[in-house]
Every structure is written in C-alpha cells, then in structure tokens.
Amino acid sequence: KKEQLELLATVDAVTKDGVNLRLAGNISSVKELNLALKYGAEGVGLFRTEFLYMDRSSFPTEDEQFEVYKQVVEKVGSNMVVIRSLDIGGDKHLDYFQLPEEQNPFLGYRAIRISLNRQDMFKTQLTAILRASAYGNVKLMFPMISSVEEVQAAKALLEEVKAELELRGIPFNRNIPVGIMIEVPAAVMIADLLAEEVDFFSIGTNDLVQYVLAVDRMNEQIAHMYHPYHPAVLRMIRMTVEAARNAKIDISVCGEMAADERSLPLWLELGISDLSMSPQALLKVKHRTLNTLAIDATRVAKACFHHRTSSETEEILSAYAQKSG
Ligand code: PEP
Ligand code: MG
C-alpha cells in the first residue's frame with residue numbers, strides 16, 4: 001500500500017472531474033523538506049521557523065538563518081515557499097529566552113506579539129527572509145494576528161528592513177507577498193479589514209479550533225471536545241474564505257484539517273485549491289483527490305454547512321471518504 005501510494009508522488013492532484021489542487025508541505029527543517037519533496041509536495045505552504053531557534057544557546061544570526069532559508073528556497077525551485085515568522089510562546093520555548101510564567105500561555109505572550117516587542121530579533125529574521133527572497137518564490141507570513149494594527153506594525157518593520165538592505169546593496173524581492181495566518185477568532189471577524197492589508201490568508205485550523213471552541217489543543221482531558229467539524233469552526237472558515245474572495249487575495253489552509261482527507265469535500269465546496277500539510281499526509285490526500293468527483297463532493301459538503309452538530313458532519317464526511325474508494 002505504501003509503495004503504491006509513493007507512485008503518486010509525481011502525479012498531479014486533480015479530481016476525477018478535473019478540479020486541480022495544489023498540495024504543499026508543512027516543514028520545520030531541511031530534513032522535512034526532503035520528505036515533502038519525496039512525496040511530491042508542490043512547494044512549502046508553511047515553513048515553521050521556530051525550530052531554527054530551538055536546541056541552541058542563543059538566537060540564530062542573520063547569516064545562519066539566511067543560509068537555511070536559501071537552502072530551502074533553492075531546493076524547492078520555482079514553487080513557492082511560505083516562510084512564517086517566529087511562533088514561540090504557547091507550548092514552544094527557547095532555553096536562552098526567558099518567557100514570563102503565564103496563567104494562560106496560549107492566550108499570552110506568543111508569536112507576533114513577541115516579534116513586535118523584540119524588534120531587534122524580529123528585524124534580524126525579516127532581513128534573512130528578504131535576502132532568501134532573491135533566490136526563489138518566497139512569501140512571508142505572520143502568525144497569531146488578531147488586529148489590523150499588528151499587521152501594520154509588522155509591515156512597517158518590513159519596510160525598514162527593506163530600506164536597510166537597499167543601503168547595504170543586497171538583492172531581495174521588493175514585492176515579496178505578505179500574508180497572515182488566520183487562527184484567532186478576532187481575525188476571522190475582521191477578515192475583510194485584514195484582507196485590505198495583505199496578499200494572502202492561510203487558515204491555521206490547529207489554533208483556530210482551539211480558540212473558537214475554547215478547547216486547549218494540548219489538554220488530553222478535553223481532547224474529545226476538540227472538534228474541527230464543529231459548526232462554529234466551519235462557519236469561521238467560510239467567513240474567512242468569503243472575505244478573501246471579496247478582496248481577491250489568495251487563501252490556503254495549513255492546519256491539520258488539511259491533512260485529514262475526509263475534509264476534502266469542504267475545500268472543494270469552498271473553492272480552496274491550496275492545501276499545505278505534514279509531508280506524511282500528502283499522498284493520502286492526493287489519493288483521495290484522485291478518487292473524488294468534485295461535483296458529488298460539493299453536494300455532500302453543502303449539507304455539512306447546515307449540520308447542527310460536529311458528529312453529524314464527521315459521520316457524513318467519514319462515510320463519504322470510505323465510499324468514494
Ligand atoms: C495552526 O495553528 O493551524 C498552524 C498551522 O500552526 P501551528 O500548528 O504551528 O500553531
Ligand atoms: Mg498556529
């Protein structure tokens with residue numbers, strides 16, 4: 001079965017009736033990139049950079065980061081690489097960077113909130129990412145955005161860094177696309193306003209589910225309440241897609257929901273063609289895509305947006321995935 005799946009690596013992800021998807025990889029290292037490429041990833045939809053900062057004794061320098069980003073970008077070739085700025089805090093910590101003890105770390109000092117507070121560290125990372133943009137198709141993404149002000153502040157720093165690189169005479173892509181993760185309910189509710197500020201959205205369902213349902217994604221005790229198919233989550237996803245469509249900006253999904261092949265009808269119904277997932281999930285999602293008739297799947301998904309319970313949607317999507325091979 002595994003060998004059979006691996007034959008699909010070089011096949012396009014297209015439904016039986018011709019709807020094309022782009023399946024990209026979520027990676028946090030060059031090693032994971034190699035796996036993603038082996039499994040046919042069309043680019044990197046989420047490069048989690050925090051792992052460059054972990055298992056060491058000080059922040060990585062501009063050159064150290066640049067070398068890694070450049071290596072990833074060059075390996076990927078002409079496909080896109082979405083590099084996400086540092087997303088520490090919450091469950092991820094650095095030995096050399098003391099974070100305050102917090103009652104609610106997931107509601108606390110994390111991700112873009114740290115970057116905007118530690119501008120030295122943030123600008124170093126932005127510089128390294130911009131430098132790598134001279135070597136391929138790089139996009140920049142900010143995590144945990146919950147307000148327009150945060151996006152504007154991050155973009156202002158990006159402009160400062162661009163000016164500095166110009167002074168240094170170092171090449172980079174002046175028009176690097178800038179996007180944000182949609183993973184906080186506030187961002188969904190103001191998605192129309194945020195869309196005016198950026199080139200793309202990527203829905204981070206791992207955090208979005210946690211924050212919409214107020215269910216800690218790490219807490220075993222309430223794991224049974226963590227429902228990606230909860231009607232509140234589906235509505236949030238749909239709102240985000242509608243805002244992106246109205247503003248004519250790109251939209252993708254990079255949370256674990258994209259790696260669950262049962263979700264495919266939802267993406268087809270919403271018109272999302274860009275999915276990014278852990279390398280291990282790529283071939284099974286492609287296999288499901290190849291065996292799906294989009295016209296059928298969208299009919300199934302339409303009903304899901306009217307269900308009153310998570311279990312109803314989960315049962316129907318599970319049954320549909322089984323039935324269609
Ligand atoms: C997410 O929250 O869905 C996501 C993709 O980011 P992370 O899992 O790194 O928080
Ligand atoms: Mg997240």
# chains A, B, ... in the order shown; residues from 1 in each chain; ligands from 1

$ residues_around --residues "Met257 of chain A" --least-positions-apart "4" --cutoff "7 Å" --atoms "only C-alpha atoms" --output "tab-separated table (two decimals) with C-alpha atoms, in the first residue's frame"
chain	number	residue	atom	x	y	z
A	205	THR	CA	-7.04	25.26	11.92
A	228	PRO	CA	-12.57	20.58	13.69
A	263	SER	CA	-12.17	17.30	4.79

$ select_by_dssp --residues "segment 28-114 of chain A" --states "helix (DSSP H, G or I)" --output "PyMOL selection string"
chain A and resi 30-38+50-53+62-76+105-107+112-114

$ write_last_selection --atoms "C-alpha atoms" --output "JSON list (two decimals), in the first residue's frame"
[["chain", "number", "residue", "atom", "x", "y", "z"],
["A", 30, "VAL", "CA", 15.56, 20.76, 5.59],
["A", 31, "LYS", "CA", 15.12, 17.13, 6.56],
["A", 32, "GLU", "CA", 11.34, 17.50, 6.50],
["A", 33, "LEU", "CA", 11.59, 19.37, 3.22],
["A", 34, "ASN", "CA", 13.32, 16.37, 1.68],
["A", 35, "LEU", "CA", 10.47, 14.16, 2.82],
["A", 36, "ALA", "CA", 7.88, 16.60, 1.48],
["A", 37, "LEU", "CA", 9.61, 16.71, -1.91],
["A", 38, "LYS", "CA", 9.89, 12.93, -1.97],
["A", 50, "GLU", "CA", 10.83, 28.25, 15.32],
["A", 51, "PHE", "CA", 12.84, 25.06, 15.00],
["A", 52, "LEU", "CA", 15.82, 27.09, 13.79],
["A", 53, "TYR", "CA", 15.72, 28.83, 17.14],
["A", 62, "GLU", "CA", 21.05, 36.77, 10.22],
["A", 63, "ASP", "CA", 23.57, 34.74, 8.21],
["A", 64, "GLU", "CA", 22.69, 31.47, 9.92],
["A", 65, "GLN", "CA", 19.03, 31.98, 9.15],
["A", 66, "PHE", "CA", 19.68, 33.19, 5.63],
["A", 67, "GLU", "CA", 21.67, 30.04, 4.84],
["A", 68, "VAL", "CA", 18.82, 27.76, 5.93],
["A", 69, "TYR", "CA", 16.09, 29.78, 4.18],
["A", 70, "LYS", "CA", 18.16, 29.96, 1.00],
["A", 71, "GLN", "CA", 18.80, 26.24, 1.06],
["A", 72, "VAL", "CA", 15.07, 25.52, 1.36],
["A", 73, "VAL", "CA", 14.15, 28.02, -1.35],
["A", 74, "GLU", "CA", 16.74, 26.65, -3.78],
["A", 75, "LYS", "CA", 15.68, 23.05, -3.21],
["A", 76, "VAL", "CA", 12.06, 23.96, -3.86],
["A", 105, "PRO", "CA", 0.34, 30.72, 27.77],
["A", 106, "PHE", "CA", -1.84, 30.18, 24.69],
["A", 107, "LEU", "CA", -3.60, 33.46, 25.47],
["A", 112, "ILE", "CA", 3.77, 38.08, 16.52],
["A", 113, "ARG", "CA", 3.25, 39.56, 19.99],
["A", 114, "ILE", "CA", 6.82, 38.66, 20.88]]

$ residues_around --residues "segment 4-18 of chain A" --least-positions-apart "6" --cutoff "6 Å" --atoms "only C-alpha atoms" --output "list in words"
Tyr39, Gly40, Lys286, Thr289, Leu290, Thr292 and Leu293 of chain A

$ write_last_selection --atoms "C-alpha atoms" --output "PDB file, in the first residue's frame"
ATOM      1  CA  TYR A  39       6.122  12.777  -1.502  1.00  0.00           C
ATOM      2  CA  GLY A  40       5.510  15.235  -4.302  1.00  0.00           C
ATOM      3  CA  LYS A 286      -3.665  13.109  -3.157  1.00  0.00           C
ATOM      4  CA  THR A 289      -8.351  13.726  -4.522  1.00  0.00           C
ATOM      5  CA  LEU A 290      -7.768  11.405  -7.468  1.00  0.00           C
ATOM      6  CA  THR A 292     -13.131  12.117  -5.768  1.00  0.00           C
ATOM      7  CA  LEU A 293     -15.747  13.521  -8.081  1.00  0.00           C
TER       8      LEU A 293
END

$ residues_near_ligand --ligand "ligand 2" --cutoff "7 Å" --atoms "only C-alpha atoms and all ligand atoms" --output "PyMOL selection string"
chain A and resi 143-144+183+204+206-207

$ closest_residue --among "A:Met121, A:Leu268, A:Ser58, A:Ala153" --to "Phe97 of chain A" --atoms "only C-alpha atoms"
A:Ser58

$ residues_near_ligand --ligand "ligand 1" --cutoff "10 Å" --atoms "only C-alpha atoms and all ligand atoms" --output "VMD selection string"
chain A and resid 26 to 28 45 to 50 84 86 to 88 90 to 92 111 143 to 144 181 to 184 202 to 211 217 253 to 258 276 to 278

$ write_last_selection --atoms "C-alpha atoms" --output "PDB file, in the first residue's frame"
ATOM      1  CA  ASN A  26       4.418  21.960   6.153  1.00  0.00           C
ATOM      2  CA  ILE A  27       8.047  21.756   7.199  1.00  0.00           C
ATOM      3  CA  SER A  28      10.272  22.863  10.018  1.00  0.00           C
ATOM      4  CA  GLY A  45       2.900  26.206   2.341  1.00  0.00           C
ATOM      5  CA  LEU A  46       4.215  26.599   5.865  1.00  0.00           C
ATOM      6  CA  PHE A  47       7.836  26.775   6.963  1.00  0.00           C
ATOM      7  CA  ARG A  48       7.725  26.785  10.776  1.00  0.00           C
ATOM      8  CA  THR A  49      10.903  28.691  11.545  1.00  0.00           C
ATOM      9  CA  GLU A  50      10.830  28.246  15.319  1.00  0.00           C
ATOM     10  CA  ARG A  84       6.383  32.096   8.737  1.00  0.00           C
ATOM     11  CA  LEU A  86       8.781  33.085  14.671  1.00  0.00           C
ATOM     12  CA  ASP A  87       5.887  31.463  16.532  1.00  0.00           C
ATOM     13  CA  ILE A  88       7.224  30.769  20.012  1.00  0.00           C
ATOM     14  CA  GLY A  90       2.306  28.880  23.904  1.00  0.00           C
ATOM     15  CA  ASP A  91       3.791  25.389  24.017  1.00  0.00           C
ATOM     16  CA  LYS A  92       7.138  26.282  22.370  1.00  0.00           C
ATOM     17  CA  ALA A 111       4.241  34.635  18.109  1.00  0.00           C
ATOM     18  CA  PRO A 143       1.365  34.110  12.897  1.00  0.00           C
ATOM     19  CA  MET A 144      -1.325  34.804  15.531  1.00  0.00           C
ATOM     20  CA  MET A 181      -2.291  33.152   9.497  1.00  0.00           C
ATOM     21  CA  ILE A 182      -5.997  33.216  10.266  1.00  0.00           C
ATOM     22  CA  GLU A 183      -6.060  31.300  13.527  1.00  0.00           C
ATOM     23  CA  VAL A 184      -7.674  33.633  16.054  1.00  0.00           C
ATOM     24  CA  SER A 202      -3.600  30.879   5.408  1.00  0.00           C
ATOM     25  CA  ILE A 203      -6.086  29.275   7.771  1.00  0.00           C
ATOM     26  CA  GLY A 204      -4.384  27.653  10.756  1.00  0.00           C
ATOM     27  CA  THR A 205      -7.038  25.263  11.916  1.00  0.00           C
ATOM     28  CA  ASN A 206      -4.974  23.858  14.797  1.00  0.00           C
ATOM     29  CA  ASP A 207      -5.153  27.099  16.715  1.00  0.00           C
ATOM     30  CA  LEU A 208      -8.424  28.263  15.216  1.00  0.00           C
ATOM     31  CA  VAL A 209     -10.261  25.210  16.562  1.00  0.00           C
ATOM     32  CA  GLN A 210      -8.624  25.704  19.958  1.00  0.00           C
ATOM     33  CA  TYR A 211      -9.596  29.358  20.178  1.00  0.00           C
ATOM     34  CA  ARG A 217      -5.208  21.699  21.851  1.00  0.00           C
ATOM     35  CA  VAL A 253      -5.335  26.016   4.631  1.00  0.00           C
ATOM     36  CA  CYS A 254      -2.263  24.852   6.533  1.00  0.00           C
ATOM     37  CA  GLY A 255      -3.673  23.357   9.749  1.00  0.00           C
ATOM     38  CA  GLU A 256      -4.070  19.633  10.388  1.00  0.00           C
ATOM     39  CA  MET A 257      -7.580  19.733   8.971  1.00  0.00           C
ATOM     40  CA  ALA A 258      -5.960  19.930   5.537  1.00  0.00           C
ATOM     41  CA  SER A 276      -0.483  22.565   2.991  1.00  0.00           C
ATOM     42  CA  MET A 277       0.122  19.628   5.303  1.00  0.00           C
ATOM     43  CA  SER A 278       2.684  17.466   7.025  1.00  0.00           C
TER      44      SER A 278
END

$ residues_around --residues "segment 162-172 of chain A" --least-positions-apart "6" --cutoff "6 Å" --atoms "only C-alpha atoms" --output "compact mmCIF listing (two decimals) with C-alpha atoms, in the first residue's frame"
# COMPACT_ATOMS: atom_id res chain seq x y z
CA LEU A 130 14.13 39.01 2.47
CA ARG A 131 17.65 38.02 1.48
CA SER A 133 13.65 36.01 -1.48
CA ALA A 134 16.29 36.79 -4.10

$ select_by_dssp --residues "segment 20-142 of chain A" --states "strand (DSSP E)" --output "list in words"
Arg22, Leu23, Ala24, Gly25, Asn26, Ile27, Val44, Gly45, Leu46, Phe47, Arg48, Met80, Val81, Val82, Ile83, Arg84, Asn137, Val138, Lys139, Leu140, Met141 and Phe142 of chain A

$ residues_around --residues "Ser78 of chain A" --least-positions-apart "2" --cutoff "7 Å" --atoms "only C-alpha atoms" --output "PDB file with C-alpha atoms, in the first residue's frame"
ATOM      1  CA  VAL A  76      12.057  23.962  -3.865  1.00  0.00           C
ATOM      2  CA  MET A  80       6.529  28.853  -3.547  1.00  0.00           C
ATOM      3  CA  GLY A 136      13.169  31.867  -5.471  1.00  0.00           C
ATOM      4  CA  ASN A 137       9.481  32.261  -4.873  1.00  0.00           C
TER       5      ASN A 137
END

$ residues_around --residues "Met236 of chain A" --least-positions-apart "2" --cutoff "10 Å" --atoms "only C-alpha atoms" --output "list in words"
Ile182, Glu183, Val184, Pro185, Ala187, Val188, Met189, Ile203, Leu208, Val209, Val212, Pro231, Ala232, Val233, Leu234, Arg238, Met239, Thr240, Val241 and Glu242 of chain A

$ write_last_selection --atoms "C-alpha atoms" --output "short mmCIF file (atom, residue, chain, number, x, y, z; two decimals), in the first residue's frame"
data_model
loop_
_atom_site.label_atom_id
_atom_site.label_comp_id
_atom_site.auth_asym_id
_atom_site.auth_seq_id
_atom_site.Cartn_x
_atom_site.Cartn_y
_atom_site.Cartn_z
CA ILE A 182 -6.00 33.22 10.27
CA GLU A 183 -6.06 31.30 13.53
CA VAL A 184 -7.67 33.63 16.05
CA PRO A 185 -11.46 34.26 16.02
CA ALA A 187 -9.03 37.71 12.74
CA VAL A 188 -11.97 35.87 11.20
CA MET A 189 -14.41 38.54 12.31
CA ILE A 203 -6.09 29.28 7.77
CA LEU A 208 -8.42 28.26 15.22
CA VAL A 209 -10.26 25.21 16.56
CA VAL A 212 -13.08 29.12 18.67
CA PRO A 231 -20.39 24.17 13.06
CA ALA A 232 -18.71 27.22 14.63
CA VAL A 233 -15.40 26.24 13.06
CA LEU A 234 -16.95 25.60 9.66
CA ARG A 238 -16.38 30.02 5.39
CA MET A 239 -16.31 33.64 6.58
CA THR A 240 -12.57 33.75 6.02
CA VAL A 241 -12.89 32.36 2.52
CA GLU A 242 -15.61 34.86 1.63
#

$ closest_residue --among "A:Val300, A:Ala294, A:Ile251, A:Ala259" --to "Gly25 of chain A" --atoms "only C-alpha atoms"
A:Ala259

$ closest_residue --among "A:Gly179, A:Pro100, A:Pro60, A:Gly43" --to "Phe122 of chain A" --atoms "only C-alpha atoms"
A:Pro60

$ closest_residue --among "A:Phe201, A:Leu157, A:Tyr229, A:Lys2" --to "Asp274 of chain A" --atoms "only C-alpha atoms"
A:Phe201

$ atom_distance --atom1 "atom CA of Phe142 of chain A" --atom2 "atom CA of Ser85 of chain A"
5.6 Å

$ decode --residues "segment 255-303 of chain A" --atoms "N, CA and C atoms" --output "short mmCIF file (atom, residue, chain, number, x, y, z; two decimals), in the first residue's frame"
data_model
loop_
_atom_site.label_atom_id
_atom_site.label_comp_id
_atom_site.auth_asym_id
_atom_site.auth_seq_id
_atom_site.Cartn_x
_atom_site.Cartn_y
_atom_site.Cartn_z
N GLY A 255 -3.54 24.11 8.50
CA GLY A 255 -3.67 23.36 9.75
C GLY A 255 -3.87 21.87 9.47
N GLU A 256 -3.95 21.09 10.53
CA GLU A 256 -4.07 19.63 10.39
C GLU A 256 -5.35 19.20 9.67
N MET A 257 -6.35 20.07 9.68
CA MET A 257 -7.58 19.73 8.97
C MET A 257 -7.31 19.46 7.50
N ALA A 258 -6.30 20.13 6.95
CA ALA A 258 -5.96 19.93 5.54
C ALA A 258 -5.38 18.54 5.32
N ALA A 259 -4.79 17.98 6.38
CA ALA A 259 -4.16 16.66 6.30
C ALA A 259 -5.17 15.54 6.48
N ASP A 260 -6.38 15.89 6.87
CA ASP A 260 -7.44 14.90 7.06
C ASP A 260 -8.21 14.78 5.74
N GLU A 261 -8.01 13.66 5.07
CA GLU A 261 -8.58 13.54 3.72
C GLU A 261 -10.10 13.61 3.72
N ARG A 262 -10.72 13.38 4.88
CA ARG A 262 -12.18 13.47 4.94
C ARG A 262 -12.67 14.89 4.70
N SER A 263 -11.77 15.88 4.94
CA SER A 263 -12.17 17.30 4.79
C SER A 263 -12.24 17.75 3.33
N LEU A 264 -11.72 16.93 2.44
CA LEU A 264 -11.60 17.35 1.04
C LEU A 264 -12.89 17.95 0.45
N PRO A 265 -14.06 17.32 0.68
CA PRO A 265 -15.28 17.93 0.14
C PRO A 265 -15.49 19.38 0.60
N LEU A 266 -15.08 19.68 1.82
CA LEU A 266 -15.24 21.05 2.32
C LEU A 266 -14.41 22.03 1.49
N TRP A 267 -13.17 21.65 1.21
CA TRP A 267 -12.30 22.56 0.44
C TRP A 267 -12.84 22.74 -0.97
N LEU A 268 -13.34 21.64 -1.54
CA LEU A 268 -13.87 21.73 -2.90
C LEU A 268 -15.10 22.64 -2.93
N GLU A 269 -15.96 22.50 -1.93
CA GLU A 269 -17.15 23.34 -1.87
C GLU A 269 -16.78 24.82 -1.67
N LEU A 270 -15.77 25.06 -0.84
CA LEU A 270 -15.37 26.44 -0.56
C LEU A 270 -14.50 27.04 -1.67
N GLY A 271 -14.07 26.20 -2.58
CA GLY A 271 -13.20 26.70 -3.65
C GLY A 271 -11.77 26.95 -3.22
N ILE A 272 -11.34 26.23 -2.18
CA ILE A 272 -9.95 26.34 -1.75
C ILE A 272 -9.12 25.29 -2.49
N SER A 273 -8.13 25.75 -3.24
CA SER A 273 -7.35 24.76 -4.01
C SER A 273 -5.92 24.61 -3.48
N ASP A 274 -5.57 25.44 -2.50
CA ASP A 274 -4.23 25.38 -1.94
C ASP A 274 -4.26 24.80 -0.54
N LEU A 275 -3.64 23.63 -0.37
CA LEU A 275 -3.61 22.98 0.94
C LEU A 275 -2.17 22.69 1.30
N SER A 276 -1.83 22.90 2.56
CA SER A 276 -0.48 22.56 2.99
C SER A 276 -0.57 21.67 4.22
N MET A 277 0.28 20.65 4.25
CA MET A 277 0.12 19.63 5.30
C MET A 277 1.45 18.96 5.61
N SER A 278 1.47 18.19 6.69
CA SER A 278 2.68 17.47 7.03
C SER A 278 3.02 16.51 5.88
N PRO A 279 4.31 16.32 5.61
CA PRO A 279 4.71 15.51 4.46
C PRO A 279 4.05 14.13 4.46
N GLN A 280 3.90 13.54 5.63
CA GLN A 280 3.32 12.19 5.72
C GLN A 280 1.88 12.12 5.21
N ALA A 281 1.19 13.25 5.16
CA ALA A 281 -0.21 13.24 4.75
C ALA A 281 -0.40 13.46 3.25
N LEU A 282 0.65 13.90 2.57
CA LEU A 282 0.49 14.35 1.18
C LEU A 282 -0.10 13.27 0.26
N LEU A 283 0.42 12.07 0.36
CA LEU A 283 0.00 11.05 -0.60
C LEU A 283 -1.41 10.54 -0.34
N LYS A 284 -1.79 10.47 0.93
CA LYS A 284 -3.16 10.00 1.18
C LYS A 284 -4.18 11.06 0.74
N VAL A 285 -3.85 12.33 0.92
CA VAL A 285 -4.77 13.37 0.46
C VAL A 285 -4.81 13.39 -1.08
N LYS A 286 -3.66 13.15 -1.69
CA LYS A 286 -3.66 13.11 -3.16
C LYS A 286 -4.49 11.91 -3.66
N HIS A 287 -4.30 10.78 -3.00
CA HIS A 287 -5.05 9.58 -3.38
C HIS A 287 -6.55 9.85 -3.30
N ARG A 288 -6.96 10.49 -2.22
CA ARG A 288 -8.38 10.82 -2.06
C ARG A 288 -8.85 11.78 -3.15
N THR A 289 -8.01 12.76 -3.47
CA THR A 289 -8.35 13.73 -4.52
C THR A 289 -8.59 13.01 -5.85
N LEU A 290 -7.68 12.11 -6.19
CA LEU A 290 -7.77 11.41 -7.47
C LEU A 290 -9.03 10.54 -7.55
N ASN A 291 -9.54 10.12 -6.38
CA ASN A 291 -10.72 9.26 -6.35
C ASN A 291 -12.02 10.00 -6.07
N THR A 292 -11.95 11.32 -6.11
CA THR A 292 -13.13 12.12 -5.77
C THR A 292 -13.72 12.78 -7.00
N LEU A 293 -15.04 12.78 -7.05
CA LEU A 293 -15.75 13.52 -8.08
C LEU A 293 -16.18 14.83 -7.41
N ALA A 294 -15.61 15.94 -7.82
CA ALA A 294 -15.87 17.21 -7.13
C ALA A 294 -17.35 17.55 -7.11
N ILE A 295 -18.03 17.21 -8.17
CA ILE A 295 -19.45 17.57 -8.27
C ILE A 295 -20.28 16.85 -7.19
N ASP A 296 -19.88 15.62 -6.86
CA ASP A 296 -20.51 14.86 -5.77
C ASP A 296 -20.09 15.42 -4.41
N ALA A 297 -18.79 15.62 -4.29
CA ALA A 297 -18.22 16.03 -3.00
C ALA A 297 -18.81 17.37 -2.55
N THR A 298 -19.00 18.29 -3.48
CA THR A 298 -19.50 19.60 -3.09
C THR A 298 -20.95 19.50 -2.60
N ARG A 299 -21.68 18.55 -3.16
CA ARG A 299 -23.06 18.35 -2.70
C ARG A 299 -23.06 17.86 -1.25
N VAL A 300 -22.16 16.93 -0.96
CA VAL A 300 -22.03 16.42 0.41
C VAL A 300 -21.62 17.56 1.35
N ALA A 301 -20.67 18.36 0.90
CA ALA A 301 -20.15 19.44 1.75
C ALA A 301 -21.19 20.52 2.01
N LYS A 302 -21.98 20.82 1.01
CA LYS A 302 -23.03 21.85 1.18
C LYS A 302 -23.89 21.52 2.39
N ALA A 303 -24.26 20.25 2.49
CA ALA A 303 -25.09 19.82 3.62
C ALA A 303 -24.35 20.03 4.94
#
